[in-house]
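Asker: This is the content of data_21.txt (compact mmCIF, C-alpha atoms and all ligand atoms):
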```txt
# COMPACT_ATOMS: atom_id res chain seq x y z
CA MET G 1 98.87 77.79 39.35
CA SER G 2 99.88 74.40 38.05
CA ALA G 3 98.11 72.52 35.24
CA SER G 4 98.26 69.42 37.45
CA GLU G 5 95.88 71.02 39.94
CA PRO G 6 92.25 69.94 39.47
CA LEU G 7 89.96 72.03 37.28
CA LEU G 8 86.62 72.22 39.06
CA LEU G 9 83.30 73.67 38.00
CA GLY G 10 81.00 74.67 40.87
CA ILE G 11 77.26 75.22 40.67
CA GLU G 12 75.30 77.23 43.23
CA THR G 13 71.48 77.35 43.08
CA SER G 14 70.39 77.35 46.73
CA CYS G 15 68.47 80.64 46.57
CA ASP G 16 67.98 83.27 43.86
CA GLU G 17 71.44 83.36 42.27
CA THR G 18 72.43 80.86 39.58
CA GLY G 19 76.17 80.85 40.14
CA VAL G 20 78.78 78.95 38.16
CA GLY G 21 82.43 79.22 39.10
CA ILE G 22 85.53 77.58 37.71
CA VAL G 23 88.76 77.17 39.63
CA ARG G 24 92.07 75.45 39.00
CA GLY G 25 93.32 74.42 42.43
CA GLN G 26 92.56 77.54 44.43
CA THR G 27 92.96 79.92 41.48
CA LEU G 28 89.74 81.55 40.30
CA LEU G 29 89.23 81.38 36.54
CA ALA G 30 85.57 82.36 36.20
CA ASP G 31 82.72 83.46 38.42
CA THR G 32 79.49 83.88 36.49
CA THR G 33 76.13 84.69 38.02
CA ALA G 34 72.58 85.10 36.77
CA SER G 35 70.14 86.42 39.34
CA SER G 36 66.36 86.26 39.58
CA VAL G 37 66.38 88.94 42.29
CA GLY G 38 64.46 91.38 40.08
CA GLU G 39 61.58 88.93 39.83
CA HIS G 40 61.19 88.82 43.63
CA VAL G 41 61.25 92.56 44.34
CA ARG G 42 57.48 93.01 44.14
CA TYR G 43 56.99 90.26 46.74
CA GLY G 44 59.61 91.67 49.15
CA GLY G 45 61.33 88.28 49.44
CA VAL G 46 62.47 85.29 47.39
CA VAL G 47 59.54 83.26 46.00
CA PRO G 48 60.87 79.67 45.81
CA GLU G 49 58.86 78.58 42.77
CA ILE G 50 59.92 81.64 40.75
CA ALA G 51 63.54 81.13 41.78
CA SER G 52 63.49 77.42 40.82
CA ARG G 53 62.09 78.15 37.36
CA ALA G 54 64.68 80.87 36.85
CA HIS G 55 67.46 78.40 37.70
CA VAL G 56 66.11 75.97 35.07
CA GLU G 57 66.35 78.71 32.44
CA ALA G 58 69.67 80.14 33.58
CA LEU G 59 71.74 77.08 34.42
CA THR G 60 72.87 75.95 30.95
CA PRO G 61 73.69 79.45 29.62
CA THR G 62 75.53 80.30 32.86
CA VAL G 63 77.64 77.14 32.62
CA ALA G 64 78.43 78.00 28.98
CA ARG G 65 79.40 81.56 29.92
CA ALA G 66 81.63 80.43 32.77
CA LEU G 67 83.48 77.98 30.50
CA LYS G 68 83.97 80.76 27.96
CA ASP G 69 85.15 83.25 30.63
CA ALA G 70 87.64 80.69 31.98
CA GLY G 71 88.84 79.81 28.48
CA VAL G 72 88.40 76.08 29.11
CA ARG G 73 86.35 73.35 27.45
CA VAL G 74 83.95 71.09 29.24
CA GLY G 75 86.24 68.16 28.42
CA ASP G 76 89.06 69.81 30.40
CA LEU G 77 87.16 69.58 33.70
CA ASP G 78 88.33 67.24 36.46
CA GLY G 79 85.30 67.45 38.72
CA ILE G 80 81.91 69.01 39.36
CA ALA G 81 80.89 70.57 42.66
CA VAL G 82 77.39 71.68 43.59
CA THR G 83 75.56 73.04 46.62
CA GLY G 84 73.66 70.10 48.14
CA GLY G 85 72.16 72.17 50.98
CA PRO G 86 71.07 74.07 52.91
CA GLY G 87 68.72 76.08 50.73
CA LEU G 88 65.35 76.10 48.99
CA ALA G 89 64.51 72.52 48.00
CA GLY G 90 63.25 73.23 44.48
CA CYS G 91 66.23 75.46 43.77
CA LEU G 92 68.78 72.95 45.07
CA VAL G 93 67.19 70.21 42.95
CA VAL G 94 67.89 72.17 39.75
CA GLY G 95 71.58 72.59 40.53
CA VAL G 96 72.09 69.06 41.84
CA ALA G 97 70.29 67.50 38.85
CA GLY G 98 72.38 69.63 36.46
CA ALA G 99 75.61 68.75 38.27
CA LYS G 100 74.76 65.05 38.25
CA ALA G 101 74.03 65.18 34.53
CA MET G 102 77.42 66.79 33.90
CA ALA G 103 79.27 64.39 36.20
CA LEU G 104 77.59 61.34 34.71
CA SER G 105 77.95 62.30 31.06
CA LEU G 106 81.57 63.44 31.46
CA GLY G 107 82.57 60.61 33.80
CA LEU G 108 83.68 63.07 36.50
CA PRO G 109 83.51 62.94 40.29
CA LEU G 110 80.68 64.90 41.91
CA TYR G 111 81.08 66.86 45.15
CA ALA G 112 77.74 67.91 46.66
CA VAL G 113 78.86 70.36 49.32
CA ASN G 114 77.49 72.38 52.17
CA HIS G 115 76.68 75.97 51.21
CA LEU G 116 77.92 77.36 54.51
CA ALA G 117 81.24 75.54 54.29
CA ALA G 118 81.56 76.96 50.76
CA HIS G 119 81.06 80.50 52.14
CA ILE G 120 84.14 79.84 54.30
CA ALA G 121 86.19 78.07 51.60
CA VAL G 122 85.80 80.92 49.11
CA ASP G 123 88.23 83.00 51.12
CA THR G 124 91.05 80.67 50.08
CA LEU G 125 90.72 82.01 46.52
CA GLU G 126 91.79 85.43 47.75
CA HIS G 127 93.87 84.85 50.84
CA GLY G 128 95.34 81.36 50.51
CA PRO G 129 94.95 78.27 52.71
CA LEU G 130 92.90 78.64 55.89
CA PRO G 131 94.70 78.71 59.23
CA SER G 132 94.40 75.34 60.98
CA ASP G 133 92.29 76.74 63.83
CA CYS G 134 90.11 79.76 63.13
CA LEU G 135 86.74 81.31 63.80
CA ALA G 136 84.22 81.75 61.02
CA LEU G 137 81.42 84.26 61.30
CA LEU G 138 78.83 83.23 58.72
CA VAL G 139 76.18 85.84 58.15
CA SER G 140 73.69 85.40 55.32
CA GLY G 141 70.01 85.73 54.51
CA GLY G 142 69.24 82.29 55.86
CA HIS G 143 71.97 81.67 58.44
CA THR G 144 73.92 83.39 61.14
CA SER G 145 76.46 81.35 63.08
CA LEU G 146 79.79 81.64 64.74
CA LEU G 147 81.91 78.56 64.16
CA ARG G 148 85.24 77.23 65.21
CA VAL G 149 86.84 75.63 62.18
CA GLY G 150 89.62 73.11 62.54
CA ASP G 151 90.03 71.36 59.21
CA LEU G 152 87.47 72.30 56.57
CA ALA G 153 88.10 69.22 54.40
CA ALA G 154 87.71 66.87 57.36
CA GLY G 155 84.36 68.42 58.28
CA ASP G 156 85.89 69.59 61.54
CA TYR G 157 83.60 72.45 62.59
CA GLN G 158 82.05 73.34 65.92
CA THR G 159 79.09 75.70 66.10
CA LEU G 160 79.73 78.07 69.00
CA GLY G 161 76.54 80.05 68.61
CA SER G 162 73.75 80.81 66.15
CA THR G 163 70.82 83.10 65.86
CA LEU G 164 67.84 81.84 67.81
CA ASP G 165 65.40 83.43 65.36
CA ASP G 166 66.01 85.68 62.33
CA ALA G 167 69.27 85.52 60.41
CA ALA G 168 71.17 88.83 60.24
CA GLY G 169 70.43 89.19 56.50
CA GLU G 170 66.77 88.43 57.10
CA ALA G 171 66.68 91.28 59.65
CA PHE G 172 68.22 93.62 57.03
CA ASP G 173 65.61 92.49 54.50
CA LYS G 174 62.69 92.92 56.92
CA VAL G 175 63.80 96.35 58.15
CA ALA G 176 64.33 97.52 54.57
CA ARG G 177 60.81 96.43 53.74
CA LEU G 178 59.52 98.33 56.78
CA LEU G 179 61.35 101.45 55.61
CA GLN G 180 60.16 100.84 52.03
CA LEU G 181 63.73 100.76 50.77
CA GLY G 182 63.33 97.71 48.51
CA PHE G 183 64.75 94.19 48.32
CA PRO G 184 67.27 92.77 49.05
CA GLY G 185 67.56 94.93 52.13
CA GLY G 186 71.24 94.60 52.99
CA PRO G 187 72.76 96.65 50.17
CA VAL G 188 70.11 99.39 50.37
CA ILE G 189 70.38 99.75 54.15
CA ASP G 190 74.16 99.74 53.84
CA ALA G 191 73.98 102.59 51.27
CA CYS G 192 71.30 104.55 53.13
CA ALA G 193 73.17 104.25 56.45
CA ARG G 194 76.18 106.10 55.01
CA THR G 195 74.38 109.42 55.44
CA GLY G 196 72.84 108.52 58.81
CA ASP G 197 74.02 108.70 62.41
CA PRO G 198 74.61 105.22 63.90
CA ALA G 199 74.19 106.65 67.40
CA ALA G 200 70.93 108.49 66.66
CA ILE G 201 68.68 105.75 68.08
CA ARG G 202 69.73 103.20 70.66
CA PHE G 203 68.17 99.98 69.39
CA PRO G 204 68.51 96.86 71.61
CA ARG G 205 71.45 94.46 71.46
CA ALA G 206 69.81 91.18 72.53
CA LEU G 207 71.40 88.41 74.62
CA ARG G 208 74.45 90.50 75.39
CA GLY G 209 76.64 89.00 78.07
CA SER G 210 78.64 85.84 78.44
CA GLU G 211 75.79 84.06 80.26
CA TYR G 212 74.09 83.68 76.85
CA GLY G 213 77.09 82.01 75.25
CA TYR G 214 77.50 82.98 71.62
CA ASP G 215 73.87 82.77 70.52
CA MET G 216 72.25 85.79 68.92
CA SER G 217 68.75 87.09 68.32
CA PHE G 218 67.62 89.66 65.76
CA SER G 219 63.83 89.39 65.76
CA GLY G 220 63.45 91.69 68.81
CA LEU G 221 65.62 94.27 67.06
CA LYS G 222 63.40 94.17 63.99
CA THR G 223 60.33 94.62 66.24
CA ALA G 224 62.01 97.50 68.06
CA VAL G 225 62.62 99.26 64.73
CA ALA G 226 58.98 98.66 63.73
CA ARG G 227 57.75 100.06 67.06
CA TRP G 228 60.03 103.11 66.74
CA VAL G 229 58.78 103.80 63.20
CA GLU G 230 55.16 103.39 64.28
CA LEU G 231 55.56 105.89 67.12
CA ALA G 232 57.48 108.35 64.96
CA GLN G 233 54.83 108.20 62.23
CA ALA G 234 52.06 108.83 64.76
CA ALA G 235 53.46 112.31 65.47
CA PRO G 236 51.66 114.92 63.32
CA GLY G 237 53.76 116.23 60.41
CA SER G 238 56.55 113.76 61.13
CA VAL G 239 59.25 113.02 58.56
CA LEU G 240 60.88 109.66 59.14
CA PRO G 241 64.68 109.96 59.62
CA VAL G 242 65.28 106.95 57.37
CA ALA G 243 69.09 107.29 57.18
CA ASP G 244 69.40 107.53 60.97
CA ILE G 245 67.13 104.52 61.45
CA ALA G 246 69.10 102.50 58.89
CA ALA G 247 72.44 103.51 60.43
CA SER G 248 71.27 102.82 64.00
CA PHE G 249 69.77 99.44 63.07
CA GLN G 250 72.93 98.47 61.17
CA ALA G 251 75.08 99.54 64.13
CA ALA G 252 73.06 97.29 66.46
CA VAL G 253 73.48 94.24 64.20
CA VAL G 254 77.19 94.90 63.75
CA ASP G 255 77.76 95.42 67.49
CA VAL G 256 76.24 92.03 68.29
CA LEU G 257 78.22 90.20 65.60
CA VAL G 258 81.51 91.87 66.51
CA GLU G 259 81.04 91.35 70.25
CA ARG G 260 80.36 87.61 69.85
CA THR G 261 83.30 87.12 67.50
CA LEU G 262 85.87 88.98 69.54
CA ARG G 263 84.70 87.40 72.80
CA ALA G 264 85.11 83.93 71.23
CA SER G 265 88.52 84.91 69.92
CA ARG G 266 89.57 85.96 73.43
CA GLU G 267 88.06 82.96 75.22
CA PHE G 268 89.45 80.36 72.82
CA GLY G 269 92.71 82.17 72.13
CA ILE G 270 92.08 82.10 68.35
CA THR G 271 93.59 84.95 66.40
CA ASP G 272 92.22 84.31 62.89
CA VAL G 273 88.67 85.13 61.85
CA ILE G 274 87.03 84.43 58.49
CA LEU G 275 83.97 86.50 57.68
CA GLY G 276 81.59 85.03 55.11
CA GLY G 277 78.04 85.08 53.71
CA GLY G 278 76.05 87.86 52.05
CA VAL G 279 76.05 90.15 55.11
CA ALA G 280 79.85 90.03 55.07
CA ALA G 281 79.48 92.46 52.16
CA ASN G 282 78.27 95.04 54.70
CA SER G 283 80.68 97.97 54.81
CA ARG G 284 80.22 98.70 58.52
CA LEU G 285 80.63 95.07 59.56
CA ARG G 286 83.82 94.77 57.52
CA ALA G 287 85.24 98.03 58.86
CA VAL G 288 84.30 97.67 62.55
CA LEU G 289 85.28 94.01 62.84
CA THR G 290 88.59 94.57 61.09
CA GLU G 291 89.42 97.66 63.12
CA GLN G 292 88.44 96.26 66.55
CA ALA G 293 90.11 92.94 65.82
CA ALA G 294 93.35 94.63 64.78
CA ARG G 295 93.50 96.42 68.13
CA ARG G 296 93.45 93.00 69.81
CA GLY G 297 95.97 91.39 67.47
CA VAL G 298 93.29 89.38 65.67
CA ARG G 299 93.49 88.95 61.88
CA VAL G 300 90.26 89.17 59.91
CA ARG G 301 89.98 87.69 56.43
CA VAL G 302 87.04 88.82 54.31
CA PRO G 303 86.54 87.95 50.66
CA ARG G 304 85.71 90.82 48.32
CA PRO G 305 81.96 91.64 48.39
CA ALA G 306 81.13 89.79 45.15
CA LEU G 307 82.51 86.59 46.66
CA CYS G 308 80.56 87.11 49.92
CA THR G 309 77.11 86.93 48.34
CA ASP G 310 76.10 83.60 46.80
CA ASN G 311 78.27 82.54 43.87
CA GLY G 312 79.54 79.46 42.08
CA ALA G 313 83.20 80.17 42.79
CA MET G 314 82.75 79.33 46.46
CA VAL G 315 81.32 75.92 45.57
CA ALA G 316 84.12 75.25 43.10
CA ALA G 317 86.68 76.34 45.72
CA LEU G 318 85.36 73.88 48.30
CA GLY G 319 85.05 71.07 45.72
CA SER G 320 88.61 71.64 44.61
CA HIS G 321 89.84 71.64 48.21
CA LEU G 322 88.07 68.33 48.88
CA MET G 323 89.39 66.78 45.70
CA SER G 324 92.96 67.85 46.43
CA ARG G 325 92.68 66.33 49.87
CA GLY G 326 91.55 63.00 48.41
CA ILE G 327 88.07 63.16 49.95
CA ALA G 328 85.68 60.61 48.41
CA PRO G 329 83.17 62.11 45.96
CA THR G 330 79.44 62.15 46.67
CA PRO G 331 77.48 59.19 45.23
CA LEU G 332 75.35 60.04 42.19
CA THR G 333 72.36 58.68 44.12
CA CYS G 334 72.51 61.72 46.39
CA GLY G 335 69.66 64.15 46.71
CA VAL G 336 69.30 67.59 48.22
CA GLU G 337 69.32 68.51 51.89
CA PRO G 338 67.37 71.78 52.36
CA THR G 339 68.03 71.95 56.11
CA MET G 340 71.59 70.60 56.09
CA ASP G 341 73.55 72.24 58.86
CA LEU G 342 77.25 72.17 59.32
CA SER G 343 77.32 70.09 62.46
CA ALA G 344 75.26 67.38 60.70
CA ALA G 345 77.56 67.39 57.68
CA GLY G 346 80.02 64.58 57.25
CA GLU G 347 83.53 64.66 55.87
CA GLY G 348 84.29 67.73 53.81
CA GLY G 349 81.01 69.43 54.52
CA GLN G 350 79.16 66.90 52.40
CA ALA G 351 75.96 65.48 53.79
CA ALA G 352 76.22 62.03 55.26
CA PRO G 353 75.24 59.80 52.30
CA HIS G 354 72.56 57.90 54.20
CA ARG G 355 70.67 61.15 54.73
CA TRP G 356 70.33 61.91 51.02
CA HIS G 357 67.09 61.38 49.11
CA SER G 358 67.25 60.66 45.39
CA VAL G 359 66.50 63.53 43.05
O1 LIG G 401 74.78 84.61 51.31
P1 LIG G 401 73.67 85.29 50.58
O2 LIG G 401 73.95 85.88 49.22
O3 LIG G 401 72.44 84.31 50.41
C1 LIG G 401 72.08 83.41 51.44
O4 LIG G 401 72.73 82.34 51.51
O5 LIG G 401 71.18 83.79 52.23
O6 LIG G 401 73.11 86.42 51.55
C2 LIG G 401 72.03 87.22 51.17
C3 LIG G 401 71.76 88.19 52.31
C4 LIG G 401 70.50 89.03 52.09
O7 LIG G 401 69.73 88.99 53.28
C5 LIG G 401 71.05 90.42 51.82
O8 LIG G 401 70.19 91.45 52.27
C6 LIG G 401 72.34 90.39 52.62
O9 LIG G 401 72.86 89.10 52.41
N1 LIG G 401 73.31 91.38 52.16
C7 LIG G 401 73.75 92.40 52.94
C8 LIG G 401 74.60 93.19 52.12
N2 LIG G 401 74.66 92.62 50.88
C9 LIG G 401 73.86 91.51 50.93
N3 LIG G 401 73.49 92.68 54.23
C10 LIG G 401 74.06 93.80 54.73
N4 LIG G 401 74.86 94.63 54.01
C11 LIG G 401 75.15 94.36 52.71
N5 LIG G 401 75.95 95.18 52.02
ZN ZN G 402 74.75 82.10 51.08
```
Kindly transcribe the structure held in the file into structure tokens.

Answerer:
Amino acid sequence: MSASEPLLLGIETSCDETGVGIVRGQTLLADTTASSVGEHVRYGGVVPEIASRAHVEALTPTVARALKDAGVRVGDLDGIAVTGGPGLAGCLVVGVAGAKAMALSLGLPLYAVNHLAAHIAVDTLEHGPLPSDCLALLVSGGHTSLLRVGDLAAGDYQTLGSTLDDAAGEAFDKVARLLQLGFPGGPVIDACARTGDPAAIRFPRALRGSEYGYDMSFSGLKTAVARWVELAQAAPGSVLPVADIAASFQAAVVDVLVERTLRASREFGITDVILGGGVAANSRLRAVLTEQAARRGVRVRVPRPALCTDNGAMVAALGSHLMSRGIAPTPLTCGVEPTMDLSAAGEGGQAAPHRWHSV
């Protein structure tokens, strides 16, 4: 780490985590998170208005804690990065307004970045610069896509395939609700599946086969689990084999994700894969993808679980990368872009300025 590298503070408020990260260059100095997840449990999903209000309360103390953890003062910062989209509009507005206030008052450049690009960039904090041509499997509560990434800072991404309906994380959340395991569903299904048999129930793997390209679908899988549970519960005296259901469902999701990724790797001759997003914290996905890829000479890079779920460090990492590459900052007149996708993003994963609305 060199003191001449930029010191960036990144703010993430696209969903229910208020994340503030601080990096110098690509060295992580602080990653502080406040979560409103507990306030959403009784609703079985994130309630946008509750999440937005929680961000308002948490943002300033989380920034203060991150600065303290990193041992730096606000005056030491060289730039501010923030998630500009995609995400929940009211939640994004809190982070973007806070980031603008910091940038304006401190006279610093602002980088409003794409959340999905940040999920990829965070890996550089652990494993160094990205290979120049790699695949990125992005699996979160709101998105599931397989991308070919050329140059992250130049906004050079190509979406090879995406889910046509539910995101992988959304399927975990919905199945967990069905099994009354709580929210968010991913971690509880992951834990519950450890004692179950992944081959106990053969749930469907939709759109399998090269004729479907790299697109995915998880809503039929969720319905298949619901139907299976309904039938099982109709039997007199039945006890639901929850661990087997969780393990079998998880195996179906993982199979689909691994098949798409390794097929793309083979067809495009790309031997580096970055796994990112909240579902990348899944123990089976990490293990199966890494193991099957290794057998084919493909390297898989996965950040540690805490950096896979939403956090401020990933936003700071991308901001720092853009700044180091001399990418122009985002104008302070920018707004939020709740449906921003990667292919619509301009240079550096920032939204094209003309598409911004003022906050
Ligand atoms: O990236 P993220 O923190 O937020 C979004 O951008 O959506 O991802 C959250 C999603 C949730 O659906 C959650 O259930 C899922 O990631 N998740 C997991 C695991 N940990 C979090 N899914 C499967 N296994 C896990 N261990
Ligand atoms: Zn995310």

Asker: Could you check the closest approach to ligand LIG 401 (chain G) for each of G:Cys15, G:Ala328, G:Val82, G:Val41 and tell me which residue wins, using only C-alpha atoms and all ligand atoms?

Answerer: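 Looking only at the distances to ligand LIG 401 (chain G), the closest residue turns out to be G:Cys15.
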
Asker: Which residues come within 9 Å of region 136-140 of chain G, counting all atoms listed in the file, excluding same-chain residues fewer than 6 positions away, as a PyMOL selection string?

Answerer: chain G and resi 116+119-120+146-149+167-170+257+261+272-280+308-309

Asker: Would you compute the distance between CA of Asp190 (chain G) and CA of Glu291 (chain G)? Give it in Å to one decimal.

Answerer: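 Value for the CA of Asp190 (chain G)-CA of Glu291 (chain G) distance: 18.0 Å.
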
Asker: G:Ser248, G:Thr27, G:Ser210, G:Thr33: which is nearest Val225 (chain G), counting all atoms listed in the file?

Answerer: G:Ser248

Asker: Within 7 Å of Met216 (chain G), counting all atoms listed in the file, which residues show up once you throw out same-chain ones fewer than 3 positions away? Write them as JSON, numbers by chain, please.

Answerer: {"G": [162, 163, 164, 206, 207]}

Asker: Create the file for the chosen residues now, containing C-alpha atoms and written as a PDB file, keeping the file's coordinate frame.

Answerer:
```pdb
ATOM      1  CA  SER G 162      73.750  80.810  66.150  1.00  0.00           C
ATOM      2  CA  THR G 163      70.820  83.100  65.860  1.00  0.00           C
ATOM      3  CA  LEU G 164      67.840  81.840  67.810  1.00  0.00           C
ATOM      4  CA  ALA G 206      69.810  91.180  72.530  1.00  0.00           C
ATOM      5  CA  LEU G 207      71.400  88.410  74.620  1.00  0.00           C
TER       6      LEU G 207
END
```

Asker: Between G:Leu108, G:Leu318, G:Ala118, G:Leu262, single out the one closest to Gln292 (chain G), counting all atoms listed in the file.

Answerer: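 Of the candidates, the smallest distance to Gln292 (chain G) is held by G:Leu262.
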
Asker: Taking all atoms listed in the file into account, name the residue in G:Gly141, G:Pro338, G:Gly150, G:Pro204 that is nearest to ligand LIG 401 (chain G).

Answerer: G:Gly141

Asker: Could you state the separation of CA of Gly196 (chain G) and CA of Pro184 (chain G) in Å, given to one decimal place?

Answerer: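 Interatomic distance here is 19.3 Å.
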
Asker: Go through G:Glu49, G:Asp69, G:Asp78, G:Glu267 one by one, measure the shortest atom-to-atom distance of each to Leu160 (chain G) using all atoms listed in the file, and give the residue with the smallest value.

Answerer: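 Closest candidate: G:Glu267.
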
Asker: In Å to one decimal, how far is CA of Pro131 (chain G) from CA of Arg295 (chain G)?

Answerer: 19.9 Å

Asker: Using all atoms listed in the file, give me every residue within 7 Å of (72.0, 105.7, 61.2) in file coordinates, as number ranges by chain.

Answerer: G: 193, 196-200, 243-249

Asker: Nearest to ligand ZN 402 (chain G): which of G:Gln158, G:Gln26, G:Thr339, G:Asn311 is it, counting only C-alpha atoms and all ligand atoms?

Answerer: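 Closest to ligand ZN 402 (chain G) of all the choices is G:Asn311.
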
Asker: Write out as a list of chain:residue names the residues lying within 8 Å of His55 (chain G), counting only C-alpha atoms and excluding same-chain residues fewer than 5 positions away.

Answerer: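 In the requested form, the answer reads G:Thr13, G:Asp16, G:Glu17, G:Thr18, G:Cys91, G:Val94, G:Gly95.
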
Asker: Please give the centre and size of the box around region 220-236 of chain G (axis-aligned, containing every atom listed in the file, 6 Å added per side), with values in Å to one decimal and written as JSON.

Answerer:
```
{"center_x": 58.6, "center_y": 103.3, "center_z": 65.5, "size_x": 26.0, "size_y": 35.2, "size_z": 18.6}
```

Asker: List as a ChimeraX atom specification the protein and nucleic acid residues near Ala176 (chain G), meaning an atom at most 8 Å away when all atoms listed in the file are counted, but skip any in the same chain fewer than 3 places from it.

Answerer: /G:172-173,179-186,188-189

Asker: Skipping near chain neighbours, those fewer than 3 positions away, what residues fall within 12 Å of Lys100 (chain G) using all atoms listed in the file, listed as a PyMOL selection string?

Answerer: chain G and resi 10-11+79-84+93-97+103-112+329-336+358-359

Asker: Take the residues just selected and output them with C-alpha atoms as a compact mmCIF listing (two decimals), keeping the file's coordinate frame.

Answerer:
```
# COMPACT_ATOMS: atom_id res chain seq x y z
CA GLY G 10 81.00 74.67 40.87
CA ILE G 11 77.26 75.22 40.67
CA GLY G 79 85.30 67.45 38.72
CA ILE G 80 81.91 69.01 39.36
CA ALA G 81 80.89 70.57 42.66
CA VAL G 82 77.39 71.68 43.59
CA THR G 83 75.56 73.04 46.62
CA GLY G 84 73.66 70.10 48.14
CA VAL G 93 67.19 70.21 42.95
CA VAL G 94 67.89 72.17 39.75
CA GLY G 95 71.58 72.59 40.53
CA VAL G 96 72.09 69.06 41.84
CA ALA G 97 70.29 67.50 38.85
CA ALA G 103 79.27 64.39 36.20
CA LEU G 104 77.59 61.34 34.71
CA SER G 105 77.95 62.30 31.06
CA LEU G 106 81.57 63.44 31.46
CA GLY G 107 82.57 60.61 33.80
CA LEU G 108 83.68 63.07 36.50
CA PRO G 109 83.51 62.94 40.29
CA LEU G 110 80.68 64.90 41.91
CA TYR G 111 81.08 66.86 45.15
CA ALA G 112 77.74 67.91 46.66
CA PRO G 329 83.17 62.11 45.96
CA THR G 330 79.44 62.15 46.67
CA PRO G 331 77.48 59.19 45.23
CA LEU G 332 75.35 60.04 42.19
CA THR G 333 72.36 58.68 44.12
CA CYS G 334 72.51 61.72 46.39
CA GLY G 335 69.66 64.15 46.71
CA VAL G 336 69.30 67.59 48.22
CA SER G 358 67.25 60.66 45.39
CA VAL G 359 66.50 63.53 43.05
```

Asker: Please identify all polymer residues lying at most 6 Å from the point (88.2, 88.9, 63.2) (file coordinates), using all atoms listed in the file, and present the result as a ChimeraX atom specification.

Answerer: /G:273,289,293,298-300
